[in-house]
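Engineer: Sharing coords26.tsv below, TSV, C-alpha atoms:
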```
chain	number	residue	atom	x	y	z
I	1	MET	CA	21.69	-20.41	6.64
I	2	ALA	CA	24.32	-20.03	3.96
I	3	PHE	CA	25.37	-22.95	1.88
I	4	PRO	CA	28.61	-22.82	-0.05
I	5	PRO	CA	27.62	-22.33	-3.65
I	6	SER	CA	30.63	-24.00	-5.17
I	7	ASP	CA	29.62	-27.62	-4.69
I	8	LEU	CA	27.92	-27.97	-8.03
I	9	ALA	CA	29.94	-29.96	-10.52
I	10	ALA	CA	31.09	-28.40	-13.76
I	11	PRO	CA	29.46	-24.99	-13.57
I	12	VAL	CA	28.58	-23.69	-16.98
I	13	THR	CA	28.15	-20.06	-16.06
I	14	ALA	CA	30.89	-17.78	-14.83
I	15	PRO	CA	30.33	-15.72	-11.71
I	16	PRO	CA	28.39	-12.49	-12.34
I	17	GLU	CA	30.40	-9.77	-13.97
I	18	PRO	CA	31.33	-7.07	-11.49
I	19	VAL	CA	29.43	-4.39	-13.35
I	20	VAL	CA	28.13	-1.41	-11.47
I	21	ALA	CA	24.48	-1.62	-10.54
I	22	PRO	CA	22.35	1.05	-12.17
I	23	THR	CA	20.90	3.82	-10.07
I	24	VAL	CA	17.17	3.21	-9.96
I	25	VAL	CA	14.51	5.88	-9.88
I	26	LYS	CA	10.79	5.63	-10.44
I	27	ILE	CA	7.77	7.64	-11.40
I	28	VAL	CA	4.28	6.45	-10.53
I	29	VAL	CA	1.52	6.57	-13.13
I	30	ALA	CA	-1.89	6.83	-11.52
I	31	GLY	CA	-5.43	7.45	-12.60
I	32	GLY	CA	-8.77	5.75	-12.92
I	33	PHE	CA	-9.54	2.35	-14.26
I	34	ALA	CA	-8.77	1.90	-17.98
I	35	VAL	CA	-7.60	5.46	-18.39
I	36	GLY	CA	-4.55	4.45	-20.40
I	37	LYS	CA	-1.80	3.97	-17.82
I	38	THR	CA	-0.30	0.91	-19.46
I	39	THR	CA	-0.44	2.58	-22.88
I	40	PHE	CA	1.28	5.61	-21.42
I	41	ILE	CA	4.02	3.43	-19.93
I	42	GLY	CA	4.37	1.40	-23.12
I	43	SER	CA	4.77	4.49	-25.27
I	44	ILE	CA	8.20	5.15	-23.81
I	45	SER	CA	9.37	2.00	-22.06
I	46	ASP	CA	12.42	0.13	-23.35
I	47	ILE	CA	10.75	-3.13	-22.48
I	48	GLU	CA	7.22	-4.23	-23.27
I	49	PRO	CA	5.22	-3.26	-20.21
I	50	LEU	CA	5.29	-6.13	-17.78
I	51	SER	CA	2.58	-7.12	-15.42
I	52	THR	CA	3.02	-8.47	-11.97
I	53	GLU	CA	0.66	-9.58	-9.28
I	54	ALA	CA	1.04	-6.87	-6.71
I	55	ALA	CA	-0.89	-8.27	-3.79
I	56	MET	CA	0.17	-11.03	-1.48
I	57	THR	CA	-3.17	-12.73	-1.19
I	58	GLU	CA	-5.95	-13.51	-3.56
I	59	HIS	CA	-8.57	-11.54	-1.73
I	60	SER	CA	-8.99	-9.03	-4.47
I	61	LEU	CA	-9.40	-11.37	-7.37
I	62	GLY	CA	-13.01	-10.84	-7.91
I	63	VAL	CA	-15.71	-9.45	-10.06
I	64	ASP	CA	-15.31	-5.75	-10.47
I	65	ASP	CA	-17.59	-2.95	-11.23
I	66	ALA	CA	-15.86	-1.69	-14.31
I	67	GLY	CA	-17.47	1.69	-14.02
I	68	GLY	CA	-19.37	1.37	-17.25
I	69	VAL	CA	-16.35	0.88	-19.44
I	70	THR	CA	-16.39	-2.88	-19.75
I	71	ASP	CA	-15.80	-2.67	-23.44
I	72	ARG	CA	-12.41	-1.10	-22.90
I	73	LYS	CA	-11.14	-3.52	-20.37
I	74	THR	CA	-12.83	-6.72	-19.46
I	75	THR	CA	-10.63	-8.32	-16.84
I	76	THR	CA	-9.39	-6.91	-13.61
I	77	THR	CA	-6.79	-8.33	-11.33
I	78	VAL	CA	-4.51	-6.74	-8.80
I	79	ALA	CA	-1.93	-6.64	-11.50
I	80	MET	CA	0.47	-3.78	-11.55
I	81	ASP	CA	1.89	-2.86	-14.93
I	82	PHE	CA	5.28	-1.30	-15.26
I	83	GLY	CA	8.00	-0.39	-17.70
I	84	ARG	CA	11.62	0.62	-17.66
I	85	ILE	CA	13.70	3.22	-19.44
I	86	GLY	CA	17.47	3.11	-19.53
I	87	LEU	CA	18.97	6.59	-19.32
I	88	PRO	CA	22.53	7.77	-19.84
I	89	GLY	CA	24.70	7.64	-16.77
I	90	ASN	CA	23.66	4.12	-15.80
I	91	LEU	CA	20.22	5.24	-14.67
I	92	TRP	CA	17.15	3.08	-14.85
I	93	LEU	CA	13.83	4.83	-14.66
I	94	TYR	CA	10.92	2.61	-13.73
I	95	LEU	CA	7.36	3.61	-14.48
I	96	PHE	CA	4.85	1.92	-12.22
I	97	GLY	CA	1.16	1.98	-12.98
I	98	THR	CA	-1.06	1.95	-9.93
I	99	PRO	CA	-3.69	-0.75	-9.74
I	100	GLY	CA	-6.68	1.03	-11.14
I	101	GLN	CA	-9.15	0.99	-8.35
I	102	ASP	CA	-9.70	2.87	-5.17
I	103	ARG	CA	-9.75	-0.22	-3.04
I	104	PHE	CA	-6.11	-0.82	-3.81
I	105	LEU	CA	-5.04	2.51	-2.35
I	106	PHE	CA	-3.49	0.59	0.54
I	107	MET	CA	-0.84	-0.58	-1.87
I	108	TRP	CA	0.14	2.85	-3.05
I	109	ASP	CA	2.34	3.65	-0.05
I	110	ASP	CA	4.61	0.87	-1.21
I	111	LEU	CA	4.62	2.12	-4.75
I	112	VAL	CA	5.28	5.78	-4.07
I	113	LEU	CA	7.98	5.19	-1.50
I	114	GLY	CA	11.09	6.80	-2.94
I	115	ALA	CA	9.39	7.90	-6.16
I	116	ILE	CA	10.44	11.06	-7.96
I	117	GLY	CA	6.78	11.91	-8.34
I	118	ALA	CA	3.65	10.91	-10.16
I	119	VAL	CA	1.57	11.47	-13.25
I	120	VAL	CA	-2.19	11.40	-12.73
I	121	LEU	CA	-3.87	10.49	-15.99
I	122	VAL	CA	-7.32	11.93	-16.45
I	123	ASP	CA	-10.11	10.90	-18.75
I	124	THR	CA	-12.38	13.93	-19.03
I	125	ASP	CA	-15.40	11.67	-19.53
I	126	ARG	CA	-14.82	10.22	-16.09
I	127	LEU	CA	-13.21	13.00	-14.17
I	128	GLU	CA	-14.27	11.67	-10.81
I	129	GLN	CA	-12.08	8.60	-11.22
I	130	CYS	CA	-8.92	10.58	-10.71
I	131	PHE	CA	-10.02	12.23	-7.45
I	132	PRO	CA	-8.57	9.52	-5.18
I	133	ALA	CA	-5.20	9.79	-6.90
I	134	ILE	CA	-5.11	13.57	-6.68
I	135	ASP	CA	-6.15	13.51	-3.04
I	136	TYR	CA	-3.59	10.87	-2.29
I	137	PHE	CA	-0.60	12.66	-3.79
I	138	GLU	CA	-1.68	16.06	-2.55
I	139	SER	CA	-2.13	14.93	1.04
I	140	ARG	CA	1.30	13.33	1.06
I	141	GLY	CA	3.11	16.19	-0.60
I	142	ILE	CA	4.28	14.03	-3.49
I	143	PRO	CA	5.13	16.00	-6.63
I	144	PHE	CA	2.62	15.22	-9.36
I	145	VAL	CA	1.25	16.55	-12.61
I	146	VAL	CA	-2.26	16.04	-13.91
I	147	ALA	CA	-2.20	14.87	-17.51
I	148	VAL	CA	-5.44	15.01	-19.46
I	149	ASN	CA	-5.44	12.08	-21.83
I	150	CYS	CA	-6.81	12.89	-25.24
I	151	PHE	CA	-8.08	9.49	-26.32
I	152	ASP	CA	-8.79	10.44	-29.88
I	153	GLY	CA	-5.92	12.86	-30.16
I	154	VAL	CA	-8.31	15.77	-29.80
I	155	ALA	CA	-8.52	17.98	-26.75
I	156	ARG	CA	-12.18	18.33	-26.01
I	157	HIS	CA	-11.85	20.51	-22.95
I	158	HIS	CA	-9.86	23.57	-22.07
I	159	LEU	CA	-7.32	22.86	-19.41
I	160	GLU	CA	-8.63	25.66	-17.26
I	161	ASP	CA	-12.09	24.11	-17.33
I	162	VAL	CA	-10.60	20.80	-16.25
I	163	ARG	CA	-8.67	22.53	-13.51
I	164	GLU	CA	-11.82	24.09	-12.21
I	165	ALA	CA	-13.79	20.86	-12.43
I	166	LEU	CA	-11.07	18.99	-10.58
I	167	GLN	CA	-10.43	21.88	-8.20
I	168	VAL	CA	-6.74	21.41	-8.67
I	169	PRO	CA	-4.74	24.28	-7.17
I	170	ASP	CA	-2.70	26.48	-9.49
I	171	HIS	CA	0.64	25.19	-8.29
I	172	ILE	CA	-0.07	21.74	-9.69
I	173	PRO	CA	0.84	21.48	-13.37
I	174	LEU	CA	-1.96	20.48	-15.68
I	175	LEU	CA	-1.18	19.40	-19.22
I	176	TYR	CA	-2.53	17.54	-22.20
I	177	THR	CA	-1.11	14.19	-23.06
I	178	ASP	CA	-1.74	11.37	-25.47
I	179	ALA	CA	-0.92	8.07	-23.82
I	180	ARG	CA	-0.01	6.57	-27.19
I	181	SER	CA	2.52	9.23	-28.04
I	182	ARG	CA	6.11	8.91	-26.97
I	183	ALA	CA	6.64	12.65	-27.30
I	184	ALA	CA	3.60	13.48	-25.19
I	185	THR	CA	4.60	10.97	-22.53
I	186	LYS	CA	8.10	12.40	-22.49
I	187	HIS	CA	6.66	15.86	-22.01
I	188	ALA	CA	4.60	14.69	-19.03
I	189	LEU	CA	7.57	12.94	-17.42
I	190	VAL	CA	9.83	15.95	-17.92
I	191	ASN	CA	7.27	18.06	-16.07
I	192	VAL	CA	7.18	15.66	-13.15
I	193	VAL	CA	10.96	15.71	-12.81
I	194	ARG	CA	11.06	19.51	-13.07
I	195	LEU	CA	8.48	19.76	-10.34
I	196	ALA	CA	10.43	17.36	-8.15
I	197	MET	CA	13.52	19.48	-8.68
I	198	GLU	CA	11.68	22.62	-7.62
I	199	ARG	CA	10.50	20.80	-4.53
I	200	ALA	CA	14.00	19.56	-3.80
I	201	ARG	CA	15.24	23.13	-3.86
I	202	THR	CA	12.48	24.30	-1.51
I	203	PRO	CA	11.98	21.26	0.67
I	204	GLU	CA	9.57	22.85	3.11
I	205	VAL	CA	6.82	22.66	0.52
I	206	ALA	CA	7.03	18.90	0.51
I	207	THR	CA	6.21	18.42	4.15
I	208	VAL	CA	2.46	18.77	4.03
I	209	GLY	CA	1.05	16.80	6.91
T	1	MET	CA	-12.20	-10.17	4.72
T	2	ASP	CA	-13.76	-10.83	1.40
T	3	ASP	CA	-13.93	-14.57	1.55
T	4	ARG	CA	-16.71	-15.07	-0.92
T	5	ARG	CA	-14.53	-13.74	-3.66
T	6	ARG	CA	-11.51	-15.82	-2.97
T	7	HIS	CA	-12.23	-18.72	-5.23
T	8	VAL	CA	-12.75	-16.86	-8.44
T	9	PRO	CA	-9.83	-18.01	-10.53
T	10	PRO	CA	-7.50	-15.33	-11.80
T	11	ALA	CA	-7.69	-14.58	-15.47
T	12	PRO	CA	-4.64	-16.04	-17.18
T	13	ARG	CA	-2.66	-13.14	-18.51
T	14	HIS	CA	0.02	-14.75	-20.57
T	15	SER	CA	-0.69	-18.41	-20.98
T	16	ASP	CA	-2.97	-21.04	-19.72
T	17	GLY	CA	-2.39	-24.41	-18.28
T	18	ASP	CA	1.27	-24.56	-17.49
T	19	ASP	CA	1.39	-22.28	-14.48
T	20	PHE	CA	1.88	-24.12	-11.28
T	21	HIS	CA	-0.82	-23.38	-8.79
T	22	VAL	CA	0.40	-23.09	-5.27
T	23	ARG	CA	-1.04	-20.69	-2.76
T	24	PRO	CA	1.38	-17.79	-2.42
T	25	TYR	CA	1.62	-18.21	1.31
T	26	ALA	CA	2.72	-21.80	0.88
T	27	LEU	CA	5.83	-20.64	-0.92
T	28	THR	CA	6.82	-18.43	1.97
T	29	ARG	CA	5.65	-20.76	4.73
T	30	GLY	CA	2.99	-18.30	5.73
T	31	ARG	CA	5.23	-15.31	6.03
T	32	THR	CA	4.58	-11.94	4.52
T	33	ARG	CA	7.99	-10.68	5.57
T	34	SER	CA	11.41	-12.18	5.27
T	35	ALA	CA	13.77	-12.72	8.15
T	36	GLY	CA	15.48	-9.42	7.46
T	37	SER	CA	14.07	-6.13	8.54
T	38	VAL	CA	14.07	-4.34	5.20
T	39	THR	CA	11.01	-4.13	3.02
T	40	LEU	CA	12.36	-4.38	-0.47
T	41	PRO	CA	11.08	-1.73	-2.87
T	42	PHE	CA	9.52	-2.94	-6.12
T	43	GLU	CA	12.36	-1.34	-8.07
T	44	ALA	CA	15.23	-2.69	-5.95
T	45	LEU	CA	17.68	-4.55	-8.19
T	46	VAL	CA	18.64	-8.09	-7.36
T	47	GLN	CA	21.96	-9.60	-8.38
T	48	ALA	CA	22.75	-13.24	-7.73
T	49	VAL	CA	26.12	-13.82	-6.14
T	50	ALA	CA	25.69	-17.56	-5.68
T	51	ARG	CA	24.64	-20.30	-8.01
T	52	PRO	CA	21.43	-22.15	-7.34
T	53	SER	CA	22.00	-25.12	-5.12
T	54	VAL	CA	20.01	-28.31	-4.84
T	55	SER	CA	19.24	-27.43	-1.26
T	56	ASP	CA	17.46	-24.24	-2.31
T	57	THR	CA	13.72	-24.18	-2.81
T	58	MET	CA	12.35	-24.02	-6.32
T	59	GLU	CA	11.60	-20.30	-5.99
T	60	LYS	CA	15.08	-19.53	-4.74
T	61	ARG	CA	16.62	-21.45	-7.62
T	62	ARG	CA	14.45	-19.70	-10.18
T	63	ILE	CA	15.32	-16.29	-8.77
T	64	LEU	CA	19.03	-17.07	-8.63
T	65	GLU	CA	18.95	-18.27	-12.23
T	66	LEU	CA	17.06	-15.24	-13.44
T	67	CYS	CA	19.41	-12.82	-11.71
T	68	ALA	CA	22.61	-14.66	-12.55
T	69	ASP	CA	23.87	-12.42	-15.33
T	70	THR	CA	21.81	-9.31	-14.96
T	71	PHE	CA	20.13	-7.02	-12.51
T	72	GLU	CA	16.44	-7.72	-12.13
T	73	SER	CA	14.06	-5.64	-10.09
T	74	ILE	CA	11.70	-7.21	-7.58
T	75	ALA	CA	8.84	-6.28	-9.90
T	76	GLU	CA	10.52	-7.86	-12.92
T	77	ILE	CA	11.23	-11.05	-11.02
T	78	GLY	CA	7.54	-11.22	-10.15
T	79	ALA	CA	6.55	-10.66	-13.75
T	80	HIS	CA	9.00	-13.11	-15.28
T	81	LEU	CA	8.46	-15.88	-12.75
T	82	ARG	CA	4.77	-15.13	-12.32
T	83	LEU	CA	5.07	-14.84	-8.61
T	84	PRO	CA	3.25	-12.20	-6.58
T	85	VAL	CA	5.55	-9.36	-5.61
T	86	GLY	CA	4.92	-10.12	-1.96
T	87	VAL	CA	6.30	-13.61	-2.40
T	88	VAL	CA	9.32	-12.34	-4.33
T	89	ARG	CA	10.08	-9.90	-1.53
T	90	VAL	CA	10.08	-12.61	1.09
T	91	VAL	CA	12.17	-15.06	-0.91
T	92	VAL	CA	14.67	-12.40	-2.02
T	93	GLY	CA	14.85	-11.21	1.57
T	94	ASP	CA	15.79	-14.73	2.61
T	95	LEU	CA	18.40	-14.94	-0.16
T	96	LEU	CA	19.78	-11.63	1.02
T	97	GLU	CA	20.01	-12.89	4.58
T	98	SER	CA	21.89	-15.96	3.46
T	99	GLY	CA	24.23	-13.93	1.29
T	100	GLN	CA	23.13	-15.49	-1.99
T	101	VAL	CA	22.08	-12.22	-3.59
T	102	ARG	CA	22.99	-8.60	-3.45
T	103	VAL	CA	20.22	-6.03	-3.55
T	104	HIS	CA	20.88	-2.59	-4.98
T	105	GLY	CA	18.88	0.58	-4.70
T	106	LEU	CA	17.83	0.26	-1.11
T	107	THR	CA	19.23	3.50	0.19
T	108	ALA	CA	16.83	5.97	-1.39
T	109	ALA	CA	13.61	4.47	-0.24
T	110	SER	CA	13.68	1.81	2.39
T	111	SER	CA	16.05	3.26	4.92
T	112	SER	CA	14.12	6.47	5.31
T	113	ALA	CA	11.78	6.82	8.22
T	114	SER	CA	9.66	9.31	6.35
T	115	PRO	CA	7.87	7.77	3.40
T	116	THR	CA	7.22	11.03	1.63
T	117	SER	CA	10.59	12.66	1.70
T	118	PRO	CA	13.00	10.31	0.06
T	119	SER	CA	16.29	11.93	-0.60
T	120	ILE	CA	16.80	11.74	-4.31
T	121	SER	CA	19.63	14.15	-4.87
T	122	LEU	CA	19.29	17.08	-7.19
T	123	SER	CA	22.14	15.76	-9.29
T	124	VAL	CA	20.29	12.49	-9.87
T	125	LEU	CA	17.14	14.42	-10.76
T	126	GLU	CA	19.15	16.53	-13.19
T	127	SER	CA	20.52	13.40	-14.84
T	128	VAL	CA	17.00	11.98	-15.10
T	129	LEU	CA	15.72	15.21	-16.62
T	130	ASP	CA	18.57	15.37	-19.14
T	131	GLY	CA	18.12	11.70	-19.92
T	132	ILE	CA	14.38	11.90	-20.57
T	133	SER	CA	14.83	15.09	-22.59
T	134	SER	CA	17.36	13.38	-24.82
T	135	LEU	CA	15.10	10.44	-25.64
```
Could you write out this structure as structure tokens?
Structural biologist:
Amino acid sequence: MAFPPSDLAAPVTAPPEPVVAPTVVKIVVAGGFAVGKTTFIGSISDIEPLSTEAAMTEHSLGVDDAGGVTDRKTTTTVAMDFGRIGLPGNLWLYLFGTPGQDRFLFMWDDLVLGAIGAVVLVDTDRLEQCFPAIDYFESRGIPFVVAVNCFDGVARHHLEDVREALQVPDHIPLLYTDARSRAATKHALVNVVRLAMERARTPEVATVG
Amino acid sequence: MDDRRRHVPPAPRHSDGDDFHVRPYALTRGRTRSAGSVTLPFEALVQAVARPSVSDTMEKRRILELCADTFESIAEIGAHLRLPVGVVRVVVGDLLESGQVRVHGLTAASSSASPTSPSISLSVLESVLDGISSL
């Protein structure tokens, strides 16, 4: 039911300016728990990464198995971290971090809907944590790159070794990144967009059932 | 499903004490969807086109105030007002139905029947690529 909004006495604010709404696009940042998704987002976001409760209910607020990395991250909620980058041409690029655990995969459909593509962050000490993300994007034909996060700024593994360990097919870009570095994050994002553009030119590739 | 875990209090992320504690479902009268048929994407931008009215619920007023002079995404509304995204979607959906807000950015994602083939045009992708490269 619509109520006329003009009944309030002495309005202090003018009606919203008729500015053109930005075009919104998004890239999803996935990967295992505590792999550096929020750092990655924060390295390039115009705004401090924000956190929002992504689930409707409280069912998932519980004690989590932190996978042996409790010193890196001690609390877990169904929070989803995200950032935003304003680009020329009235474009807003959102970066959404996936909730870091497999049991929140049900939420990813929402997140990836309409996304340009995804970055899967990999910690080579815990390779297996990125398998669900890789499987997810691959099975849905969503463009993604695998970015090996060098926590200490040093690449400890050859990319080809990582590719073999992850069994990532050759057509999926694999690159080094440093979640703290704006330049490295930029590089990863550029690769996602390039891949999406290739897919857009050859759309049949994207329809993997 | 996981009822034993339900009563573990959430860790306060930004402050403690002053958050109001109402079950999310109470704010939406038990609904997980708004009256409208669209599911609002997290990145959809909300713009208030009406001023908050005394007849609006607290959540509606807060959303209308937040989006009065700027575009705010569903996710940002959730973050700023500390409301779960699911609640924001329902309340914004109601505001959309009643014509109190405009929602931008729905075409790319929500209207498509196929979740994996959104039609982001090549020209938009090119602008994104140029934009990121120029950062």
Engineer: Nearest residue to Val112 (chain I) out of T:Glu43, T:Leu81, T:Arg89, T:Asp56, using all atoms listed in the file?
Structural biologist: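 Looking only at the distances to Val112 (chain I), the closest residue turns out to be T:Glu43.
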Engineer: Mind pulling up the distance from CA of Asp135 (chain I) to CA of Arg194 (chain I)?
Structural biologist: 20.8 Å
Engineer: Residues within 10 Å of Leu189 (chain I), please, as a PyMOL selection string. Count all atoms listed in the file; anything in the same chain fewer than 6 positions from it doesn't count.
Structural biologist: (chain I and resi 27+29+95+117-119+144-145+147+183+195) or (chain T and resi 128-129+132-133)
Engineer: Distance CA of Val103 (chain T)-CA of Leu45 (chain T), one decimal place?
Structural biologist: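 That distance, rounded to one decimal, is 5.5 Å.
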Engineer: Please indicate the distance in Å from CA of Thr28 (chain T) to CA of Arg102 (chain T), rounded to one decimal place.
Structural biologist: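 Those two atoms sit 19.7 Å apart.
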Engineer: Using the file's own x, y and z axes, what box holds all listed atoms of region 121-135 of chain I with 5 Å on each side, keeping edges along x, y and z, and what are its centre and edge lengths in Å to one decimal, as lines of an AutoDock Vina configuration file?
Structural biologist:
```
center_x = -9.6
center_y = 11.3
center_z = -11.3
size_x = 21.5
size_y = 15.3
size_z = 26.5
```
Engineer: Leaving out Val20 (chain I) and any residue of its chain fewer than 6 positions from it, which residues lie within 10 Å of it when counting all atoms listed in the file, given as an MDAnalysis selection string?
Structural biologist: (chainID I and resid 90) or (chainID T and resid 71 104)
Engineer: Between I:Asp46, I:Asp161, I:Asp81, I:Glu53, single out the one closest to chain T, counting only C-alpha atoms.
Structural biologist: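 Among I:Asp46, I:Asp161, I:Asp81, I:Glu53, it is I:Glu53 that comes nearest to chain T.
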Engineer: Please determine, counting all atoms listed in the file, which residue among I:Thr39, I:Gln129, I:Asn149, I:Ser139 has the shortest atom-to-atom distance to chain T.
Structural biologist: I:Ser139
Engineer: Just checking: using all atoms listed in the file, which residue out of T:Val92, T:Leu83, T:Val101, T:Met58 ends up closest to chain I?
Structural biologist: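 Checking each candidate against chain I, we get T:Leu83 as the closest.
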Engineer: Between I:Pro22, I:Gly42, I:Pro169, I:Gly32, which one has atoms that come closest to chain T, using all atoms listed in the file?
Structural biologist: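 With all atoms listed in the file as the atom set, the closest residue is I:Pro22.
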Engineer: Pick the closest to chain I from T:Glu59, T:Asp94, T:Asp130, T:Asp69: which is it, counting only C-alpha atoms?
Structural biologist: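 Closest to chain I of all the choices is T:Asp69.
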Engineer: Write out as a list in words the residues lying within 12 Å of Leu125 (chain T), counting all atoms listed in the file and excluding same-chain residues fewer than 6 positions away.
Structural biologist: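 Everything that qualifies: Thr23, Val24, Val25, Lys26, Ile27, Leu87, Gly89, Leu91, Leu93, Ala115, Ile116, Gly117, Leu189, Val190, Asn191, Val192, Val193, Arg194, Leu195, Ala196, Met197, Glu198, Arg199, Ala200 and Arg201 of chain I; Ser119, Gly131 and Ile132 of chain T.
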Engineer: Might you pull out every residue within 9 Å of Ala44 (chain T), with only C-alpha atoms counted and same-chain residues fewer than 2 positions away left off, and present them as a VMD selection string?
Structural biologist: (chain I and resid 24) or (chain T and resid 40 to 42 46 72 to 75 103 to 106)
